[in-house]
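Notes follow once the structure below has been shown.
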Amino acid sequence: MLRDHAVQEVCVLGRDYWEGPGAAHRRVIYKGVGYSDDDIRSKPHIGIANTFSEASPAHAHLRLLADAVKQGVWQAGGIPFEFGVPSTCGNIAIGSEDLKYELAGRDVVAMSIEFVSKVHAFDGLVMLSSCDNIVPGQMLAAARLDIPSIIVTGGPMFPGYHKGKRILTPDINVSVLSDVTPAEFAEMEDVACPGYGACGVMGTANTMQILSEVLGLSLPGTATIPATVAARIRAARESGRAAVRLAKGQVTPTAILTRGALLNAAIVDLAIGGSTNAVLHLIALANELGLSLSLEDFDRLSKDVPCICAVRPSGPYSVVDLHFAGGVPAVMKVLESMLDTSVVGVSGRPLRDLLAGVEVSPSPVLRTLEDPVTPDSGLTVLRGNLAPDGAIIRTSGVPEEMKKFTGPAKVFDGDAAALEAIESGGVKPGDVVVVRYEGCKGSPGMKEIMLSTDALVARGLDRSVGLITDGRFSGFNHGPIVGHISPEAFEGGPIALVRDGDIITVDVREGRVDVAVSEEELKARRSAWKRPAPKVTKGMLALYAATCRPAHEGGAMQLW
């Protein structure tokens, strides 16, 4: 609760911090940017962490949303302080080694917000974001700072249309490697990204926006509001008002982000066929909170949670379609019997009360537990002699005939080398592509393996060729592809010991990924293995590699 002061609406740090001659150096700075004496002394100071960027349609509209947030803060009796936080769009870096910066950027976002919020002693935070690693970076910041916080997400992009056919951003990634004519490709390029918002599939960006709402860090019903509709502006304004309420009541993230909330998020991620990256982000968040969440939890839950959401890549629909089918409240209503409904988010109401008024209409986009998109969970945890500490596969995107596959290994030290082999015909149906030294420390940064996976799809090999890697995948990716293999190759994990021609089996039903090599032979190979020299020796990636946890522990910079 707020400290007892003569003035009811005071800053959380108290009047002493802002009053008297000893605080003049603080007041004068804020007066210099236009705030009044009464604002500074008597109102909650709310930081507005805005990841606005003109380099991404998912973030280019956040300036408008930030204005609405600030209106809400003023309306509720607070004063807003907007500041900038870096953001990127990973699509720009696809095809380059610089894509490896993306996951490390999650920690940069968290530290940027931590830095500004600590120096300026904000009483509360509103954080605006949309994209893959930016939303989870803000989650980490909320957990680390533990000051009243709320996340305003940017929402999904509407689909584009080409010759009467719906087109989404990932279609471009595949089409560039296929036989589309240059003229047709140019037409598709013009409409695939028709405006503001996160790419409209169940990629990492939309998955994490949805999970922000599930965790209780965003207002109910807001995650899937399309980026360009007026309801999103109203939601941003209401979030500003809510931030002041949270600050006055000293409702902090640790009161919201309980183990029950984390498990709810894991269940929803499994049910919507969410991005495999969400596993990293939720485990990293749990570590930041000092709570328990592991691959074992995902493994246990996945046995009971079917995929109920037919949004690409698990079905033909977009996240905008999911919104008009009821959005996150409808998803959670379908899953209500599995969830901890005692949790309370930024709305201040228990989940059970929020769901009491939710009605779900039959929809091909959002199915029921009795009639799911697939009885399998959206994600499956794999283990075996190739992944003693675990691996992840997006089950809902795997063709039925590839849920168990066996084949000879084609081994590549990096995504680019695998792409070259696929394009030159060096990978045949029945092969298992092994892409290694792309893990947290080996890449470093655990790069998304997109070149080779998109090439397999474009060449029609995604139903006959498997791929395993210690790297990760874009939320766009689908097919018989196994990621997050841990321990990674750079740490001497078994994937480092695989040789061309070794027989690899992936069995999704049994949760296994194995190589048919005896333990004695693996031991001999391990004795001969030498760790390669680090690819990066300075800058943020070197710092990331030196301080990150392994993939099965979230891959965040938390080993200080």
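Ordering of the structure tokens sets the chain letters (A, B, ...), residue numbers begin anew at 1 in every chain, and ligands are numbered from 1 in the order given.
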ask   = Quick one: residues within 7 Å of A:Leu215, only C-alpha atoms counted, chain neighbours fewer than 5 positions away excluded, as number ranges by chain?
value = A: 257, 261-262, 265
Dump N, CA and C atoms for the selected residues as a compact mmCIF listing (two decimals), in the first residue's frame?
# COMPACT_ATOMS: atom_id res chain seq x y z
N LEU A 257 2.27 -12.38 -11.19
CA LEU A 257 2.99 -13.45 -11.88
C LEU A 257 3.30 -14.59 -10.93
N ALA A 261 -0.20 -18.47 -12.68
CA ALA A 261 -0.28 -17.66 -13.89
C ALA A 261 0.67 -18.18 -14.96
N LEU A 262 1.87 -18.59 -14.54
CA LEU A 262 2.84 -19.14 -15.49
C LEU A 262 2.33 -20.44 -16.11
N ALA A 265 -0.24 -19.73 -18.68
CA ALA A 265 0.38 -19.30 -19.93
C ALA A 265 0.93 -20.48 -20.71
DSSP alpha helix (DSSP H) residues within stretch 111-167 of chain A, as a list in words =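 Taking stretch 111-167 of chain A and keeping alpha helix (DSSP H) gives Met111, Ser112, Ile113, Glu114, Phe115, Val116, Ser117, Lys118, Val119, His120, Ile134, Val135, Pro136, Gly137, Gln138, Met139, Leu140, Ala141, Ala142, Ala143, Arg144 and Leu145 of chain A.
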key: Sel. of strand (DSSP E or B) residues, stretch 137-354 of chain A, as a ChimeraX atom specification   = /A:149-153,156,160-162,165-167,198,307,309,311,317,344,350
Let me see the file: selected residues, C-alpha atoms, as an mmCIF file, in the first residue's frame.
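Contents of out.cif, as written:
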data_model
loop_
_atom_site.group_PDB
_atom_site.id
_atom_site.type_symbol
_atom_site.label_atom_id
_atom_site.label_comp_id
_atom_site.auth_asym_id
_atom_site.auth_seq_id
_atom_site.Cartn_x
_atom_site.Cartn_y
_atom_site.Cartn_z
ATOM 1 C CA SER A 149 3.416 -2.467 -14.413
ATOM 2 C CA ILE A 150 1.125 -3.045 -17.365
ATOM 3 C CA ILE A 151 1.924 -4.029 -20.951
ATOM 4 C CA VAL A 152 0.114 -2.491 -23.921
ATOM 5 C CA THR A 153 0.547 -4.646 -26.996
ATOM 6 C CA PRO A 156 -1.971 -8.188 -35.065
ATOM 7 C CA GLY A 160 -3.327 -8.923 -47.308
ATOM 8 C CA TYR A 161 -4.964 -10.254 -50.460
ATOM 9 C CA HIS A 162 -3.511 -11.243 -53.810
ATOM 10 C CA LYS A 165 -6.460 -15.112 -52.043
ATOM 11 C CA ARG A 166 -5.464 -14.233 -48.501
ATOM 12 C CA ILE A 167 -1.739 -13.692 -48.031
ATOM 13 C CA ALA A 198 2.451 -7.902 -35.893
ATOM 14 C CA CYS A 307 -4.462 -27.782 -29.998
ATOM 15 C CA CYS A 309 -6.693 -22.916 -32.420
ATOM 16 C CA VAL A 311 -4.429 -20.186 -36.782
ATOM 17 C CA TYR A 317 -6.759 -18.642 -40.243
ATOM 18 C CA VAL A 344 -5.672 -11.891 -10.528
ATOM 19 C CA PRO A 350 -9.977 -12.960 -10.470
#
Find the nearest atom pair between each residue of stretch 77-135 of chain A and stretch 204-208 of chain A for residues within 12 Å, count only C-alpha atoms, give distances in Å to one decimal, sort rows by chain and ascending number, and present the table as JSON lines.
{"residue": "A:Thr88", "atom": "CA", "partner": "A:Ala205", "partner_atom": "CA", "distance": 11.6}
{"residue": "A:Cys89", "atom": "CA", "partner": "A:Ala205", "partner_atom": "CA", "distance": 9.9}
{"residue": "A:Gly90", "atom": "CA", "partner": "A:Ala205", "partner_atom": "CA", "distance": 10.4}
{"residue": "A:Asn91", "atom": "CA", "partner": "A:Ala205", "partner_atom": "CA", "distance": 11.7}
{"residue": "A:Glu102", "atom": "CA", "partner": "A:Thr204", "partner_atom": "CA", "distance": 12.0}
{"residue": "A:Leu103", "atom": "CA", "partner": "A:Thr204", "partner_atom": "CA", "distance": 11.6}
{"residue": "A:Ser129", "atom": "CA", "partner": "A:Ala205", "partner_atom": "CA", "distance": 9.3}
{"residue": "A:Ser130", "atom": "CA", "partner": "A:Ala205", "partner_atom": "CA", "distance": 6.1}
{"residue": "A:Cys131", "atom": "CA", "partner": "A:Ala205", "partner_atom": "CA", "distance": 4.5}
{"residue": "A:Asp132", "atom": "CA", "partner": "A:Ala205", "partner_atom": "CA", "distance": 4.1}
{"residue": "A:Asn133", "atom": "CA", "partner": "A:Ala205", "partner_atom": "CA", "distance": 7.6}
{"residue": "A:Ile134", "atom": "CA", "partner": "A:Ala205", "partner_atom": "CA", "distance": 8.4}
{"residue": "A:Val135", "atom": "CA", "partner": "A:Met208", "partner_atom": "CA", "distance": 6.4}
If you keep N, CA and C atoms, can you produce a file of those selected residues as a JSON list (two decimals), in the first residue's frame?
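File result_38.json, as written:
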[["chain", "number", "residue", "atom", "x", "y", "z"],
["A", 88, "THR", "N", 13.33, -4.14, -32.60],
["A", 88, "THR", "CA", 13.75, -4.59, -33.92],
["A", 88, "THR", "C", 12.66, -5.44, -34.54],
["A", 89, "CYS", "N", 12.79, -5.69, -35.83],
["A", 89, "CYS", "CA", 11.98, -6.69, -36.53],
["A", 89, "CYS", "C", 12.94, -7.72, -37.10],
["A", 90, "GLY", "N", 12.88, -8.94, -36.59],
["A", 90, "GLY", "CA", 13.80, -9.97, -37.01],
["A", 90, "GLY", "C", 13.73, -10.30, -38.49],
["A", 91, "ASN", "N", 12.58, -10.01, -39.13],
["A", 91, "ASN", "CA", 12.46, -10.29, -40.57],
["A", 91, "ASN", "C", 13.55, -9.59, -41.38],
["A", 102, "GLU", "N", 18.83, -11.17, -32.15],
["A", 102, "GLU", "CA", 17.44, -11.01, -31.74],
["A", 102, "GLU", "C", 17.17, -11.50, -30.31],
["A", 103, "LEU", "N", 17.56, -12.72, -29.98],
["A", 103, "LEU", "CA", 17.25, -13.23, -28.64],
["A", 103, "LEU", "C", 17.98, -12.45, -27.57],
["A", 129, "SER", "N", 4.68, -2.61, -26.70],
["A", 129, "SER", "CA", 5.50, -3.46, -27.56],
["A", 129, "SER", "C", 4.62, -4.36, -28.41],
["A", 130, "SER", "N", 5.27, -5.00, -29.40],
["A", 130, "SER", "CA", 4.55, -5.91, -30.29],
["A", 130, "SER", "C", 5.35, -7.15, -30.64],
["A", 131, "CYS", "N", 6.65, -7.00, -30.87],
["A", 131, "CYS", "CA", 7.40, -8.03, -31.58],
["A", 131, "CYS", "C", 8.03, -9.10, -30.69],
["A", 132, "ASP", "N", 8.62, -10.07, -31.39],
["A", 132, "ASP", "CA", 9.03, -11.36, -30.83],
["A", 132, "ASP", "C", 9.72, -11.28, -29.48],
["A", 133, "ASN", "N", 10.85, -10.60, -29.43],
["A", 133, "ASN", "CA", 11.66, -10.58, -28.22],
["A", 133, "ASN", "C", 11.45, -9.33, -27.39],
["A", 134, "ILE", "N", 10.66, -8.41, -27.92],
["A", 134, "ILE", "CA", 10.43, -7.15, -27.22],
["A", 134, "ILE", "C", 9.40, -7.33, -26.11],
["A", 135, "VAL", "N", 8.30, -8.02, -26.41],
["A", 135, "VAL", "CA", 7.29, -8.28, -25.38],
["A", 135, "VAL", "C", 7.89, -9.07, -24.21]]
message = Please determine, counting only C-alpha atoms, which residue among A:Gly511, A:Val411, A:Leu354, A:Val506 has the shortest atom-to-atom distance to A:Val381.
response = A:Gly511
task = Give me the residues within 10 Å of A:Gly72 as a PyMOL selection string, counting only C-alpha atoms and dropping any in the same chain fewer than 5 places off.
result = chain A and resi 66-67+77-80+234-244
key: Best match for closeness to A:Gly466 among A:Ile503, A:Ala556, A:Ala24, A:Met139, counting only C-alpha atoms   =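 Selected residue with least distance to A:Gly466: A:Ile503.
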Give me the residues within 9 Å of A:Arg367 as a CSV table (one decimal) with N, CA and C atoms, in the first residue's frame, counting only C-alpha atoms and dropping any in the same chain fewer than 4 places off.
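around_16.csv, written as the output of this step:
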chain,number,residue,atom,x,y,z
A,307,CYS,N,-4.5,-29.0,-29.3
A,307,CYS,CA,-4.5,-27.8,-30.0
A,307,CYS,C,-5.9,-27.4,-30.4
A,308,ILE,N,-6.4,-26.3,-30.0
A,308,ILE,CA,-7.7,-25.9,-30.3
A,308,ILE,C,-7.8,-24.7,-31.2
A,309,CYS,N,-6.7,-24.2,-31.7
A,309,CYS,CA,-6.7,-22.9,-32.4
A,309,CYS,C,-6.2,-23.2,-33.8
A,310,ALA,N,-7.0,-22.9,-34.8
A,310,ALA,CA,-6.6,-23.2,-36.2
A,310,ALA,C,-6.0,-22.0,-36.9
A,331,VAL,N,-10.5,-18.2,-25.7
A,331,VAL,CA,-9.6,-19.3,-25.6
A,331,VAL,C,-9.5,-19.8,-24.2
A,334,VAL,N,-12.6,-21.8,-23.1
A,334,VAL,CA,-12.6,-23.2,-23.6
A,334,VAL,C,-11.7,-24.0,-22.7
A,362,PRO,N,-19.6,-21.4,-31.6
A,362,PRO,CA,-18.9,-22.4,-32.5
A,362,PRO,C,-18.2,-21.7,-33.6
A,363,SER,N,-16.9,-22.1,-33.8
A,363,SER,CA,-16.1,-21.4,-34.8
A,363,SER,C,-15.1,-22.3,-35.4
A,371,ASP,N,-13.6,-31.3,-29.8
A,371,ASP,CA,-13.4,-31.4,-31.2
A,371,ASP,C,-12.2,-30.4,-31.6
A,372,PRO,N,-11.0,-30.8,-31.2
A,372,PRO,CA,-9.9,-29.9,-31.3
A,372,PRO,C,-9.4,-29.9,-32.8
A,373,VAL,N,-8.5,-29.0,-33.1
A,373,VAL,CA,-7.8,-29.0,-34.3
A,373,VAL,C,-7.0,-30.3,-34.5
key: Nearest candidate to A:Gly203 (options A:Ile272, A:Ile48, A:Leu461, A:Leu355; using only C-alpha atoms)   =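 Under the stated criterion, the closest residue is A:Ile272.
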inquiry  = Under the rule that only C-alpha atoms are counted, which of A:Gly155, A:Ala58, A:Leu379, A:Pro444 is the nearest residue to A:Lys538?
reply    =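 Smallest distance to A:Lys538 is found for A:Pro444.
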task = May I ask for the distance between atom CA of A:Glu423 and atom CA of A:Ser443, given in Å to one decimal place?
result =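 So the answer is 22.5 Å.
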One-decimal distance in Å that lies between atom CA of A:Val305 and atom CA of A:Asp376 = 7.3 Å
task = Find the distance between atom CA of A:Glu521 and atom CA of A:Gly483 and write it in Å to one decimal.
result =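 So the answer is 24.2 Å.
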message = Which residues are close to stretch 52-57 of chain A, i.e. within 6 Å by only C-alpha atoms, leaving aside same-chain residues fewer than 6 positions away? Reply as a PyMOL selection string.
response = chain A and resi 63+89+196-197
key: Nearest to A:Gly407, chosen from A:Ser218, A:Ser36, A:Thr505, A:Thr181, with only C-alpha atoms counted in the distances   =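 Comparing A:Ser218, A:Ser36, A:Thr505, A:Thr181 against A:Gly407, the winner is A:Thr505.
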